[in-house]
Structures are given as structure tokens and as C-alpha cells.
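File shown: work13.cif. Contents: mmCIF, C-alpha atoms and all ligand atoms.
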```cif
data_work
#
loop_
_atom_site.label_atom_id
_atom_site.label_comp_id
_atom_site.auth_asym_id
_atom_site.auth_seq_id
_atom_site.Cartn_x
_atom_site.Cartn_y
_atom_site.Cartn_z
CA MET J 1 0.00 0.00 0.00
CA GLY J 2 1.26 3.48 -0.88
CA HIS J 3 0.50 6.51 1.17
CA LEU J 4 -2.85 7.99 2.17
CA PHE J 5 -1.79 11.63 2.52
CA ALA J 6 0.55 13.67 0.39
CA SER J 7 3.61 14.72 2.39
CA ARG J 8 2.55 18.38 2.17
CA ALA J 9 -0.76 17.60 3.90
CA LEU J 10 1.14 16.07 6.81
CA LEU J 11 3.46 19.05 7.05
CA SER J 12 0.81 21.73 7.30
CA ARG J 13 -0.39 22.57 10.76
CA LYS J 14 -3.94 23.28 11.80
CA SER J 15 -4.92 26.92 11.97
CA PHE J 16 -4.47 27.83 15.62
CA ILE J 17 -6.97 30.62 15.15
CA ARG J 18 -9.67 28.25 13.89
CA GLU J 19 -8.94 26.05 16.92
CA ILE J 20 -9.21 29.04 19.25
CA LEU J 21 -12.45 30.11 17.63
CA LYS J 22 -13.90 26.75 18.72
CA VAL J 23 -12.98 27.47 22.38
CA THR J 24 -14.35 30.99 22.14
CA GLN J 25 -17.85 30.06 20.95
CA SER J 26 -19.16 30.29 24.54
CA PRO J 27 -21.17 33.53 25.00
CA SER J 28 -19.47 34.29 28.34
CA ILE J 29 -16.06 34.60 26.64
CA ILE J 30 -14.80 37.97 25.49
CA SER J 31 -12.67 37.16 22.49
CA PHE J 32 -9.86 39.31 21.19
CA ALA J 33 -8.72 36.26 19.21
CA GLY J 34 -10.40 36.23 15.78
CA GLY J 35 -9.80 38.85 13.13
CA LEU J 36 -13.51 39.45 12.79
CA PRO J 37 -15.11 42.72 11.71
CA ASN J 38 -17.85 44.23 13.85
CA PRO J 39 -21.09 42.69 12.50
CA LYS J 40 -22.93 45.93 13.35
CA PHE J 41 -21.58 47.33 10.07
CA PHE J 42 -22.57 44.54 7.74
CA PRO J 43 -24.89 46.25 5.23
CA VAL J 44 -27.60 43.60 5.55
CA ASP J 45 -30.51 45.55 4.03
CA GLU J 46 -28.43 47.01 1.23
CA ILE J 47 -27.09 43.56 0.31
CA LYS J 48 -30.61 42.13 0.44
CA ASN J 49 -31.83 44.83 -1.94
CA ALA J 50 -28.86 44.29 -4.25
CA ALA J 51 -29.49 40.51 -4.33
CA VAL J 52 -33.18 40.98 -5.15
CA LYS J 53 -32.34 43.47 -7.89
CA VAL J 54 -29.76 41.12 -9.43
CA MET J 55 -32.22 38.25 -9.43
CA GLU J 56 -35.03 40.36 -10.87
CA THR J 57 -32.99 41.98 -13.61
CA ASP J 58 -30.52 39.26 -14.61
CA GLY J 59 -31.42 36.14 -12.62
CA ALA J 60 -30.82 33.33 -15.12
CA ASN J 61 -27.51 34.75 -16.36
CA THR J 62 -26.32 35.26 -12.77
CA LEU J 63 -26.94 31.59 -12.00
CA GLN J 64 -24.79 30.52 -14.97
CA TYR J 65 -21.02 29.80 -15.00
CA THR J 66 -18.86 32.81 -15.76
CA ILE J 67 -15.26 33.63 -16.73
CA THR J 68 -12.33 32.87 -14.39
CA GLU J 69 -11.00 36.44 -14.37
CA GLY J 70 -14.16 37.74 -12.69
CA LEU J 71 -17.10 40.00 -13.42
CA PRO J 72 -16.00 42.78 -15.81
CA SER J 73 -18.08 45.48 -14.09
CA LEU J 74 -16.54 44.60 -10.71
CA ARG J 75 -12.99 44.68 -12.12
CA GLU J 76 -13.77 48.03 -13.75
CA TRP J 77 -14.99 49.37 -10.40
CA ILE J 78 -11.77 48.22 -8.67
CA SER J 79 -9.67 49.75 -11.47
CA ARG J 80 -11.50 53.10 -11.07
CA ARG J 81 -10.96 52.98 -7.32
CA TYR J 82 -7.20 52.57 -7.84
CA ALA J 83 -7.27 55.43 -10.37
CA ARG J 84 -8.74 57.70 -7.67
CA ARG J 85 -5.52 57.29 -5.68
CA GLY J 86 -3.37 57.71 -8.78
CA VAL J 87 -2.65 54.01 -9.26
CA ASP J 88 -2.91 52.79 -12.85
CA ILE J 89 -4.25 49.22 -12.86
CA LYS J 90 -6.35 48.14 -15.85
CA PRO J 91 -9.40 45.89 -15.39
CA ASP J 92 -7.62 43.06 -17.23
CA GLU J 93 -4.78 43.26 -14.69
CA ILE J 94 -7.28 42.29 -11.96
CA LEU J 95 -8.34 38.76 -11.03
CA ILE J 96 -11.31 38.31 -8.67
CA THR J 97 -10.61 35.65 -6.03
CA ASN J 98 -12.39 34.02 -3.11
CA GLY J 99 -11.04 36.58 -0.69
CA ALA J 100 -7.44 37.78 -0.71
CA GLN J 101 -6.64 34.46 0.97
CA GLN J 102 -7.28 32.54 -2.23
CA ALA J 103 -4.94 34.90 -4.03
CA VAL J 104 -2.24 34.05 -1.47
CA ALA J 105 -2.89 30.33 -2.02
CA ILE J 106 -2.77 30.49 -5.83
CA ILE J 107 0.38 32.60 -5.66
CA GLY J 108 1.95 29.78 -3.64
CA LYS J 109 0.80 27.26 -6.24
CA THR J 110 2.08 29.34 -9.14
CA PHE J 111 5.48 30.45 -7.86
CA LEU J 112 6.75 28.20 -5.07
CA GLU J 113 8.75 25.00 -5.29
CA LYS J 114 9.84 22.81 -2.39
CA ASN J 115 12.72 24.45 -0.43
CA ASP J 116 12.21 27.86 -2.03
CA HIS J 117 12.97 30.72 0.33
CA VAL J 118 10.20 33.16 1.19
CA VAL J 119 10.59 36.51 2.97
CA MET J 120 7.85 37.80 5.21
CA GLU J 121 7.52 39.93 8.33
CA LYS J 122 8.09 38.66 11.85
CA PRO J 123 5.49 38.40 13.24
CA GLY J 124 3.71 37.64 9.97
CA TYR J 125 0.26 36.86 8.61
CA LEU J 126 -0.72 33.37 9.72
CA GLY J 127 -2.82 32.74 6.60
CA ALA J 128 0.22 33.28 4.38
CA ILE J 129 2.42 31.03 6.53
CA GLN J 130 -0.24 28.34 6.25
CA ALA J 131 -0.71 28.75 2.50
CA PHE J 132 3.01 28.77 1.68
CA GLU J 133 3.80 25.91 4.08
CA PHE J 134 1.89 23.64 1.71
CA TYR J 135 4.65 24.14 -0.83
CA GLU J 136 7.32 23.10 1.69
CA THR J 137 9.02 26.48 1.55
CA ILE J 138 11.65 27.89 3.90
CA PHE J 139 10.59 31.01 5.77
CA ASN J 140 12.90 33.97 6.34
CA GLN J 141 10.93 36.16 8.72
CA ILE J 142 12.24 39.67 9.23
CA ASP J 143 11.42 41.85 12.24
CA ILE J 144 8.81 44.52 11.72
CA GLY J 145 9.02 47.64 13.89
CA GLU J 146 6.86 50.70 14.30
CA ASP J 147 7.86 52.10 10.88
CA GLY J 148 7.95 48.83 8.97
CA ILE J 149 10.26 45.97 8.15
CA ASP J 150 13.89 46.09 9.30
CA THR J 151 15.48 46.90 5.94
CA ALA J 152 19.04 46.31 7.17
CA GLU J 153 18.04 42.76 8.09
CA LEU J 154 16.17 42.43 4.78
CA ARG J 155 19.30 43.43 2.89
CA LYS J 156 21.34 40.84 4.81
CA VAL J 157 18.84 38.08 4.06
CA LEU J 158 18.67 39.03 0.38
CA ASP J 159 22.47 38.97 0.16
CA ALA J 160 22.70 35.61 1.88
CA GLN J 161 19.80 33.73 0.30
CA ASP J 162 18.29 33.16 -3.07
CA ILE J 163 14.82 34.53 -2.26
CA GLN J 164 11.95 33.41 -4.47
CA LEU J 165 9.23 35.66 -3.15
CA ALA J 166 8.56 38.37 -0.56
CA TYR J 167 5.13 38.71 1.01
CA LEU J 168 4.60 42.00 2.88
CA ILE J 169 1.75 43.96 4.47
CA PRO J 170 2.77 47.63 4.53
CA ASN J 171 -0.53 48.98 5.93
CA PHE J 172 -1.76 48.14 9.45
CA GLN J 173 0.04 44.85 9.33
CA ASN J 174 -1.55 41.69 10.69
CA PRO J 175 -0.71 41.09 13.55
CA THR J 176 1.17 44.23 14.72
CA GLY J 177 -0.98 47.03 13.27
CA ASN J 178 2.26 48.74 12.16
CA VAL J 179 2.59 50.84 8.99
CA TYR J 180 5.67 51.10 6.77
CA SER J 181 6.95 54.68 6.50
CA GLU J 182 7.38 56.09 3.00
CA ALA J 183 11.15 55.74 3.33
CA LYS J 184 10.83 52.06 4.26
CA ARG J 185 8.51 51.46 1.28
CA ARG J 186 11.01 53.04 -1.07
CA GLU J 187 13.96 51.19 0.43
CA THR J 188 12.14 47.84 0.36
CA ALA J 189 11.24 48.41 -3.29
CA GLU J 190 14.84 49.24 -4.19
CA LEU J 191 16.20 46.13 -2.46
CA LEU J 192 13.72 43.83 -4.20
CA LYS J 193 13.87 45.57 -7.57
CA LYS J 194 17.65 45.28 -7.76
CA ARG J 195 17.32 41.51 -7.49
CA GLU J 196 14.00 41.29 -9.43
CA ILE J 197 12.38 39.40 -6.56
CA LEU J 198 8.64 38.81 -6.79
CA LEU J 199 6.82 41.01 -4.29
CA VAL J 200 3.35 40.19 -3.04
CA GLU J 201 2.00 43.36 -1.42
CA ASP J 202 -1.09 42.65 0.65
CA GLU J 203 -3.37 45.67 1.09
CA ALA J 204 -6.24 43.88 2.88
CA TYR J 205 -6.35 46.71 5.47
CA TYR J 206 -5.68 49.65 3.15
CA GLU J 207 -9.08 51.33 3.73
CA LEU J 208 -9.04 50.96 7.53
CA ARG J 209 -6.99 54.10 8.24
CA PHE J 210 -8.06 56.04 11.36
CA GLU J 211 -5.63 58.93 11.01
CA GLY J 212 -2.85 60.35 8.86
CA LYS J 213 -2.66 60.39 5.09
CA PRO J 214 -2.52 57.32 2.87
CA LEU J 215 0.96 56.34 1.76
CA PRO J 216 1.90 55.13 -1.72
CA SER J 217 1.98 51.38 -2.25
CA ILE J 218 5.41 49.79 -2.67
CA ARG J 219 4.11 49.11 -6.20
CA GLU J 220 4.65 52.79 -6.89
CA TYR J 221 8.42 52.13 -6.84
CA TYR J 222 8.50 48.56 -8.18
CA ASP J 223 5.68 47.25 -10.34
CA THR J 224 7.13 44.60 -12.64
CA ASN J 225 7.49 41.44 -10.55
CA HIS J 226 4.69 42.62 -8.33
CA ILE J 227 1.29 41.36 -7.19
CA LEU J 228 -1.07 43.62 -5.25
CA LEU J 229 -3.83 42.09 -3.10
CA GLY J 230 -7.12 43.67 -2.03
CA SER J 231 -10.35 42.56 -0.42
CA PHE J 232 -13.95 43.51 0.30
CA SER J 233 -13.82 41.49 3.55
CA LYS J 234 -12.96 44.36 5.89
CA ILE J 235 -15.26 46.97 4.33
CA ILE J 236 -18.35 45.01 3.23
CA SER J 237 -18.41 41.38 4.38
CA PRO J 238 -15.85 38.60 4.92
CA GLY J 239 -18.59 35.99 4.49
CA PHE J 240 -18.96 37.01 0.85
CA ARG J 241 -15.41 35.80 0.16
CA VAL J 242 -14.62 38.35 -2.52
CA GLY J 243 -11.13 39.75 -2.91
CA TRP J 244 -8.72 40.25 -5.80
CA CYS J 245 -5.14 40.34 -6.97
CA CYS J 246 -3.53 42.64 -9.53
CA ALA J 247 -0.56 41.79 -11.72
CA LYS J 248 0.89 42.53 -15.14
CA LYS J 249 0.01 40.24 -18.04
CA PRO J 250 2.78 37.58 -17.87
CA LEU J 251 2.13 36.93 -14.17
CA MET J 252 -1.63 37.28 -14.52
CA GLU J 253 -1.89 34.63 -17.25
CA LYS J 254 -0.41 32.02 -14.93
CA LEU J 255 -2.49 33.11 -11.94
CA VAL J 256 -5.69 32.78 -13.98
CA VAL J 257 -4.79 29.20 -14.94
CA ALA J 258 -4.02 28.36 -11.28
CA LYS J 259 -7.36 29.79 -10.19
CA GLN J 260 -9.19 28.00 -13.00
CA ALA J 261 -7.78 24.66 -11.90
CA ASN J 262 -8.85 25.52 -8.38
CA ASP J 263 -12.50 26.54 -8.68
CA LEU J 264 -13.21 27.75 -12.26
CA HIS J 265 -14.32 31.13 -10.91
CA THR J 266 -15.49 32.99 -7.82
CA SER J 267 -19.26 32.75 -7.32
CA HIS J 268 -20.99 34.66 -10.10
CA PHE J 269 -23.88 35.45 -7.76
CA THR J 270 -21.75 37.04 -5.02
CA GLN J 271 -19.76 39.06 -7.56
CA LYS J 272 -22.96 40.39 -9.12
CA VAL J 273 -24.44 41.26 -5.72
CA ILE J 274 -21.29 43.11 -4.65
CA ALA J 275 -21.18 44.99 -7.98
CA GLN J 276 -24.85 45.96 -7.58
CA TYR J 277 -24.27 47.01 -3.96
CA LEU J 278 -21.35 49.20 -5.06
CA ALA J 279 -23.42 50.76 -7.86
CA ASP J 280 -26.34 51.63 -5.57
CA ASN J 281 -24.53 52.67 -2.36
CA ASP J 282 -21.86 55.07 -1.22
CA ILE J 283 -18.95 52.84 -0.15
CA ASP J 284 -17.01 55.80 1.21
CA ARG J 285 -19.83 56.53 3.64
CA GLN J 286 -19.81 52.87 4.71
CA ILE J 287 -16.00 52.99 5.20
CA GLN J 288 -16.27 56.23 7.21
CA ARG J 289 -18.83 54.65 9.56
CA ILE J 290 -16.62 51.60 10.06
CA ILE J 291 -13.40 53.50 10.71
CA GLY J 292 -15.17 55.97 13.03
CA GLN J 293 -16.25 53.09 15.24
CA TYR J 294 -13.03 51.06 14.92
CA SER J 295 -10.89 54.03 15.86
CA ARG J 296 -13.00 54.49 19.03
CA GLN J 297 -12.63 50.78 19.82
CA CYS J 298 -8.89 50.95 19.19
CA ARG J 299 -8.53 54.06 21.38
CA CYS J 300 -10.50 52.30 24.12
CA MET J 301 -8.17 49.28 24.04
CA LEU J 302 -5.11 51.55 24.09
CA GLU J 303 -6.53 53.39 27.12
CA MET J 304 -7.44 50.21 28.99
CA ILE J 305 -4.10 48.41 28.53
CA PRO J 306 -2.03 50.80 30.71
CA ARG J 307 -4.89 50.92 33.21
CA TYR J 308 -5.12 47.15 33.72
CA PHE J 309 -1.88 45.53 32.48
CA PRO J 310 1.35 45.59 34.48
CA PRO J 311 3.67 48.32 33.14
CA GLU J 312 6.22 45.75 31.90
CA VAL J 313 3.87 44.72 29.08
CA GLN J 314 4.74 46.47 25.81
CA TYR J 315 2.21 47.06 23.03
CA THR J 316 1.86 48.66 19.61
CA LYS J 317 -0.30 51.75 19.07
CA PRO J 318 -2.00 51.22 15.72
CA THR J 319 -3.48 54.02 13.63
CA GLY J 320 -5.68 51.65 11.65
CA GLY J 321 -6.45 48.02 10.94
CA MET J 322 -7.79 45.53 13.46
CA PHE J 323 -5.04 44.50 15.90
CA VAL J 324 -2.79 45.45 18.80
CA TRP J 325 0.34 43.34 19.40
CA ALA J 326 1.33 43.02 23.04
CA THR J 327 4.52 41.51 24.47
CA LEU J 328 5.12 40.20 27.98
CA PRO J 329 8.57 40.54 29.53
CA GLU J 330 11.11 38.09 28.13
CA GLY J 331 10.75 34.54 29.33
CA TRP J 332 7.00 34.78 29.98
CA SER J 333 4.78 32.52 27.92
CA SER J 334 1.61 33.80 26.27
CA GLU J 335 0.55 30.18 25.79
CA GLU J 336 0.60 29.68 29.56
CA LEU J 337 -1.25 32.96 29.87
CA PHE J 338 -3.85 31.69 27.40
CA ASP J 339 -4.96 28.93 29.79
CA VAL J 340 -5.22 31.37 32.73
CA ALA J 341 -7.11 33.84 30.52
CA ILE J 342 -9.60 31.26 29.23
CA ALA J 343 -10.42 30.37 32.85
CA LYS J 344 -11.28 34.06 33.25
CA ASP J 345 -13.35 34.08 30.05
CA VAL J 346 -11.10 36.12 27.82
CA ALA J 347 -9.16 34.98 24.73
CA PHE J 348 -6.40 36.17 22.39
CA VAL J 349 -4.00 34.55 19.92
CA PRO J 350 -0.58 33.59 21.35
CA GLY J 351 2.36 34.99 19.38
CA ASN J 352 3.83 31.73 18.15
CA ALA J 353 1.00 31.40 15.65
CA PHE J 354 2.64 34.24 13.69
CA CYS J 355 6.04 32.72 13.07
CA SER J 356 7.32 29.49 11.62
CA ASP J 357 9.87 28.78 14.37
CA ALA J 358 8.01 29.28 17.69
CA SER J 359 10.17 32.27 18.65
CA LEU J 360 7.39 34.72 19.60
CA GLY J 361 6.24 32.90 22.72
CA SER J 362 5.93 35.98 24.92
CA SER J 363 3.71 37.98 22.54
CA MET J 364 0.02 37.98 21.71
CA ARG J 365 -2.40 39.46 19.18
CA LEU J 366 -5.44 41.37 20.44
CA ASN J 367 -8.29 42.18 18.06
CA PHE J 368 -10.26 45.34 18.84
CA THR J 369 -12.83 45.39 16.01
CA ASN J 370 -15.14 42.59 17.06
CA SER J 371 -15.91 43.82 20.61
CA ASP J 372 -17.76 47.00 21.55
CA GLU J 373 -16.12 49.38 24.01
CA ASP J 374 -17.76 48.00 27.17
CA LYS J 375 -16.57 44.49 26.23
CA ILE J 376 -13.07 45.80 25.47
CA GLU J 377 -12.85 47.41 28.91
CA GLU J 378 -14.09 44.28 30.67
CA GLY J 379 -11.92 41.95 28.52
CA ILE J 380 -8.72 43.94 29.08
CA LYS J 381 -9.51 44.03 32.81
CA ARG J 382 -9.86 40.21 32.84
CA LEU J 383 -6.70 39.80 30.78
CA GLY J 384 -4.80 42.18 33.08
CA SER J 385 -5.88 40.11 36.06
CA ALA J 386 -4.79 36.90 34.24
CA ILE J 387 -1.35 38.44 33.53
CA LYS J 388 -0.97 39.48 37.17
CA GLU J 389 -2.02 36.02 38.31
CA LEU J 390 0.54 34.39 36.00
CA PHE J 391 3.24 36.82 37.20
CA SER J 392 2.57 36.07 40.86
CA LYS J 393 2.39 32.31 40.25
CA LYS J 394 5.73 32.42 38.45
CA LYS J 395 7.31 34.53 41.16
CA LYS J 396 6.17 32.02 43.79
CA THR J 397 7.52 29.01 41.85
CA SER J 398 10.83 30.73 41.22
CA VAL J 399 11.14 31.49 44.97
CA ILE J 400 10.39 27.83 45.80
CA ALA J 401 12.82 26.64 43.09
C1 LIG M 501 -3.15 40.43 5.78
C2 LIG M 501 -4.34 39.64 5.36
N1 LIG M 501 -4.44 39.24 4.10
C3 LIG M 501 -5.49 38.52 3.68
C4 LIG M 501 -6.50 38.18 4.55
C5 LIG M 501 -7.63 37.35 4.03
O1 LIG M 501 -8.66 38.16 3.67
P1 LIG M 501 -9.90 37.66 2.84
O2 LIG M 501 -11.05 37.60 3.78
O3 LIG M 501 -10.06 38.68 1.76
O4 LIG M 501 -9.57 36.31 2.29
C6 LIG M 501 -6.45 38.58 5.88
C7 LIG M 501 -7.51 38.20 6.79
O5 LIG M 501 -7.53 38.46 7.94
C8 LIG M 501 -5.33 39.32 6.29
O6 LIG M 501 -5.19 39.70 7.55
#
```

Can you give me the file's structure in the form of C-alpha cells?
Ligand SMILES: Cc1ncc(COP(=O)(O)O)c(C=O)c1O
Amino acid sequence: MGHLFASRALLSRKSFIREILKVTQSPSIISFAGGLPNPKFFPVDEIKNAAVKVMETDGANTLQYTITEGLPSLREWISRRYARRGVDIKPDEILITNGAQQAVAIIGKTFLEKNDHVVMEKPGYLGAIQAFEFYETIFNQIDIGEDGIDTAELRKVLDAQDIQLAYLIPNFQNPTGNVYSEAKRRETAELLKKREILLVEDEAYYELRFEGKPLPSIREYYDTNHILLGSFSKIISPGFRVGWCCAKKPLMEKLVVAKQANDLHTSHFTQKVIAQYLADNDIDRQIQRIIGQYSRQCRCMLEMIPRYFPPEVQYTKPTGGMFVWATLPEGWSSEELFDVAIAKDVAFVPGNAFCSDASLGSSMRLNFTNSDEDKIEEGIKRLGSAIKELFSKKKKTSVIA
């Protein structure tokens, strides 16, 4: 008898976040774990009206198969949206995918061989680690600070390794919430361009800016071996599973074939409903409502942390996105903290989920978008008490030892 599973299926680990989401189903738990939007802002009535309109005006066609590339009117809308910020991306340089996550997965399938080296941030996006792990790649994670990736370290890695692909999140990075400065964007582009390394620039959080002015994409400085990702998940609905990737023709042709082999196309129905919703509603108003509320929730979390956490805990101060990244003093384990916290009905994602080598054990990711302010205050209070309990337990055992 041969084998049941392919070796890559045995290599890939379960999503820790999905596992945590199972634990956090209980209504008494306040969860800062998932990366979920606040459901208060899902445009339920508007989507209902759009769906009815699509069915009434073009029902039979909408229920038919469609082209892999995606609905032309939706790709035109996305192209116009880029044009508004001075970015020139033609509709035929856009491929609609099942969320940005599918774009990450088909990029892996299209560009990665076993033992290829990939650059990403440390901590980095768990979904990309998971997707690329399937191709048995080697991760080179590079520290990300308040103003972006450590470009000196990036240069060192690029000099030392033959890097196949870099995957970066310059805006409100998941999980730190950090933003690359303009200088870091330029420098990163120069380093990659010189070596013609494929850059995947993930802009899933681009629209969730609470303050400051938008910065140019890295694409502005390096657009040949470049793929830009976007998504409707954070501004309309993640349940719709509609995102996209943008690339020039030679790259795009291969991505389309990879997607075709995967699922033929993203649901025609959901694409039509989103396009109708966008035609009939003011998306900027929707985005303004979301970021108004998220910035209040973020501010609330940033006010509660120093009130309830011991002062030794460090944390990022995001100006957008969905997450705060907090770090316990060295040697303390956020996985141990997780058990104490769950007993107090509060959850988060331990830091090791965001690296490939279990070296972020004292950090944790806290989501602020899915809980209203009263829950954030109560949750941070519970988490603060869990941290203090862990600290005092540890102190006692070290005295005994
Ligand atoms: C950086 C990043 N990229 C992509 C995704 C996936 O988004 P989508 O829902 O569009 O698949 C996420 C989801 O949290 C994310 O954080």
C-alpha cells in the first residue's frame, strides 16, 4: 500500500486561530482572538436589496457559469478605485478571487517549489504562513518595527539567500498594526527591484486608516514582478469571500490558470451582488462609519491596557487596521497565559501562531474590532488580572525553586 496523505498535507499545521475560535464560541467569553469585523456594520438591508435586484434583472444569467477572471463590471470598479488614488491598474490586470486568501494560495501554487525561500515579516500573517507551508518552503521572517520591516536585516537576508518571493503587508500589518513609512517602502522596493524578486503586497487593510494620510503602495516604486492584493472582507463582508489580486500580463496569465484549476471562478452570484451594492450605495460613507467606530474601539483598548496591564507589558499603538500586538517581559509565555485567561473568560491569539519557528512565545495578538467598548474594557480588565495572576504564580515558583 502506498500513502494515504501527500507529504505536504502532513506538514501543514492546523490553523491555531480556527482552533481558538472553537474554544471561544461560549457567549461568556470575550474574544480578542479572531480577526472578525464588527457585524454591526454589515450592510444587511443594502445587500438584500442588491441581491433581489440582481435576481429580478438578470437572474438566469447570474446563476450561470462565468469567466475565471471575474465580473468585468466589478474589475472596472476596482480599477477606477485605484485610479482615484493615482494608481494605474487596468481591469484586465485584476483577477477576482475568493477573498485575498485565495490569491495568497494560488500565488503559492504558481510560484513556489519545495525548499524555495520566502521573505515575510516577523510576526507575519498566519494565513500566508499556512498557505506557503503547503509548498514546503523555507521562511525567512524579518522583524517589523513601528515604521515597517527592518530593511538592514532584509538586505542581509537578500544577500545571503536566493529569495523566491517576498510577502509583505505595509498597511496596518496583521498582527502588529504597524505601517511602513514612506522611506521604508522606497527602500524595500529598491532592495527587491535590484534583485527582481517577486513582491506580493497585501493591502487587505488599506481602507481601515483612522488617522494620517494614505501612503503610496510599494508598487509605486517597483511594479514589474509585483502582485497587489485587495479585499472587500474588511469593508463590506468577509462571508462574501470576494477579494482580488492585480498583476501585469505575464504573471496574470499564470495566476488565472491556477485559479481556474482551483474553482473555475469565484461565485458569479456574489460578484454580481457586490457589484450591484457598489453601484447603488456610497462605499465611502460605509467605510467612514466603520473606521469611526473602529478608531474608538482601538482608542478604548489603548486606554485600557495601561490601566489594567502591568507596566512591563509592551504594546503597539496602531493608527488603523484591526489588531494590537502586546509583548510580555522576556521569558513569559503567552501560551501559559492563554490557559489562565480562558479560565477568566477572555481569549487572544498567542504569538507563536505568527512565526514558523516558535520564537514569539511571549507575545500575543489582540483584536479590537469585534468587541464593543464595554466588552473591550471588561476583557482587558480580565486579561490584566490573568497576567498578574501568572506573574505572581511564576514569582512564587521561582522562589520555591
Ligand atoms: C493580511 C491579510 N491578508 C489577507 C486576509 C484574508 O482576507 P480575505 O477575507 O479577503 O480572504 C487577511 C484576513 O484576515 C489578512 O489579515

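Of note, atom CA of Glu312 of chain J and atom CA of Phe354 of chain J are spaced 21.8 Å apart.
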
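Comparing the minimum interatomic distances between ligand LIG 501 (chain M) and each of J:Glu76, J:Glu46, J:Glu146, J:Glu203, counting only C-alpha atoms and all ligand atoms, we find that J:Glu203 sits nearest.
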
How close does each residue of chain J get to ligand LIG 501 (chain M), giving the shortest atom pair and distance in Å to one decimal for every residue with an atom at most 7 Å away, counting all atoms listed in the file, sorted by chain and residue number, as CSV?
```
residue,atom,partner,partner_atom,distance
J:Gly35,CA,M:LIG501,O5,5.7
J:Asn98,CA,M:LIG501,O4,6.5
J:Gly99,CA,M:LIG501,O4,3.3
J:Ala100,CA,M:LIG501,O3,3.7
J:Gln101,CA,M:LIG501,O4,3.7
J:Gln102,CA,M:LIG501,O4,6.3
J:Tyr125,CA,M:LIG501,C1,5.7
J:Gly127,CA,M:LIG501,C4,6.9
J:Ile169,CA,M:LIG501,C1,6.2
J:Gln173,CA,M:LIG501,C1,6.5
J:Asn174,CA,M:LIG501,O6,5.2
J:Asp202,CA,M:LIG501,N1,5.9
J:Ala204,CA,M:LIG501,N1,5.1
J:Gly230,CA,M:LIG501,O3,6.9
J:Ser231,CA,M:LIG501,O3,4.5
J:Phe232,CA,M:LIG501,O3,6.4
J:Ser233,CA,M:LIG501,O2,4.8
J:Pro238,CA,M:LIG501,O2,5.0
J:Arg241,CA,M:LIG501,O2,5.9
J:Val242,CA,M:LIG501,O3,6.3
J:Gly243,CA,M:LIG501,O3,4.9
```

Problem set entry | Among listed residues J:Ser181, J:Asn281, J:Ser7, J:Asn115, nearest Phe132 of chain J (using all atoms listed in the file) | J:Asn115

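From atom CA of Val346 of chain J back to atom CA of Ser28 of chain J, the distance works out to 8.6 Å.
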
With a distance cut-off of 8 Å and all atoms listed in the file, select the neighbouring residues of Tyr315 of chain J, excluding the residue or stretch itself and same-chain residues fewer than 5 positions from it, and output the selection as a short mmCIF file (atom, residue, chain, number, x, y, z; two decimals) with C-alpha atoms, keeping the file's coordinate frame.
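The resulting file, out.cif, is reproduced below:
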```cif
data_model
loop_
_atom_site.label_atom_id
_atom_site.label_comp_id
_atom_site.auth_asym_id
_atom_site.auth_seq_id
_atom_site.Cartn_x
_atom_site.Cartn_y
_atom_site.Cartn_z
CA VAL J 324 -2.79 45.45 18.80
CA TRP J 325 0.34 43.34 19.40
CA ALA J 326 1.33 43.02 23.04
CA THR J 327 4.52 41.51 24.47
#
```

For this session: Quick one: pull the distance between atom CA of Pro350 of chain J and atom CA of Met120 of chain J, Å, one decimal.
Result: 18.7 Å

Problem set entry | Contact residues around Ala358 of chain J with all atoms listed in the file at 12 Å, ignoring same-chain residues under 4 positions, as an MDAnalysis selection string | chainID J and resid 122:123 141 333:335 350:354 362:363

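Minimum distance to Asp282 of chain J across J:Ala166, J:Glu93, J:Leu199, J:Pro43 (counting all atoms listed in the file) occurs at J:Pro43.
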
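Using only C-alpha atoms for every distance, the candidate list J:Tyr82, J:Tyr308, J:Phe210, J:Tyr180 yields J:Phe210 as the residue closest to Gln288 of chain J.
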
Problem set entry | Residue neighbourhood Tyr65 of chain J, 8 Å, only C-alpha atoms, exclusion window fewer than 2 positions, as a PyMOL selection string | chain J and resi 62-63+67+265+268

Would you mind exporting C-alpha atoms of the selected residues as a short mmCIF file (atom, residue, chain, number, x, y, z; two decimals), keeping the file's coordinate frame?
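The resulting file, out_34.cif, is shown below:
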```cif
data_model
loop_
_atom_site.label_atom_id
_atom_site.label_comp_id
_atom_site.auth_asym_id
_atom_site.auth_seq_id
_atom_site.Cartn_x
_atom_site.Cartn_y
_atom_site.Cartn_z
CA THR J 62 -26.32 35.26 -12.77
CA LEU J 63 -26.94 31.59 -12.00
CA ILE J 67 -15.26 33.63 -16.73
CA HIS J 265 -14.32 31.13 -10.91
CA HIS J 268 -20.99 34.66 -10.10
#
```

Problem set entry | Nearest candidate to Pro306 of chain J (options J:Val340, J:Lys381, J:Tyr205, J:Pro175; using all atoms listed in the file) | J:Lys381

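Across J:Pro216, J:Gly86, J:Gly379, J:Gly384, the tightest approach to Ser31 of chain J is made by J:Gly379 when counting all atoms listed in the file.
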
Counting all atoms listed in the file, which residues in segment 129-237 of chain J sit no more than 8 Å from segment 108-111 of chain J? For each one, give the nearest pair of atoms and the distance in Å, sorted by chain then residue number, as a tab-separated table.
```
residue	atom	partner	partner_atom	distance
J:Ala131	CA	J:Gly108	CA	6.8
J:Phe132	CA	J:Gly108	CA	5.5
J:Tyr135	CA	J:Gly108	CA	6.9
J:Gln164	CA	J:Phe111	CA	7.9
J:Leu165	CA	J:Phe111	CA	8.0
```

Would you list the contacts of segment 297-299 of chain J as a compact mmCIF listing (two decimals) with C-alpha atoms, in the coordinates of the input, taking every protein, DNA or RNA residue within 6 Å and counting all atoms listed in the file, but skipping same-chain residues closer than 2 positions in sequence?
```txt
# COMPACT_ATOMS: atom_id res chain seq x y z
CA TYR J 294 -13.03 51.06 14.92
CA SER J 295 -10.89 54.03 15.86
CA MET J 301 -8.17 49.28 24.04
CA LEU J 302 -5.11 51.55 24.09
CA PHE J 368 -10.26 45.34 18.84
CA GLU J 373 -16.12 49.38 24.01
```
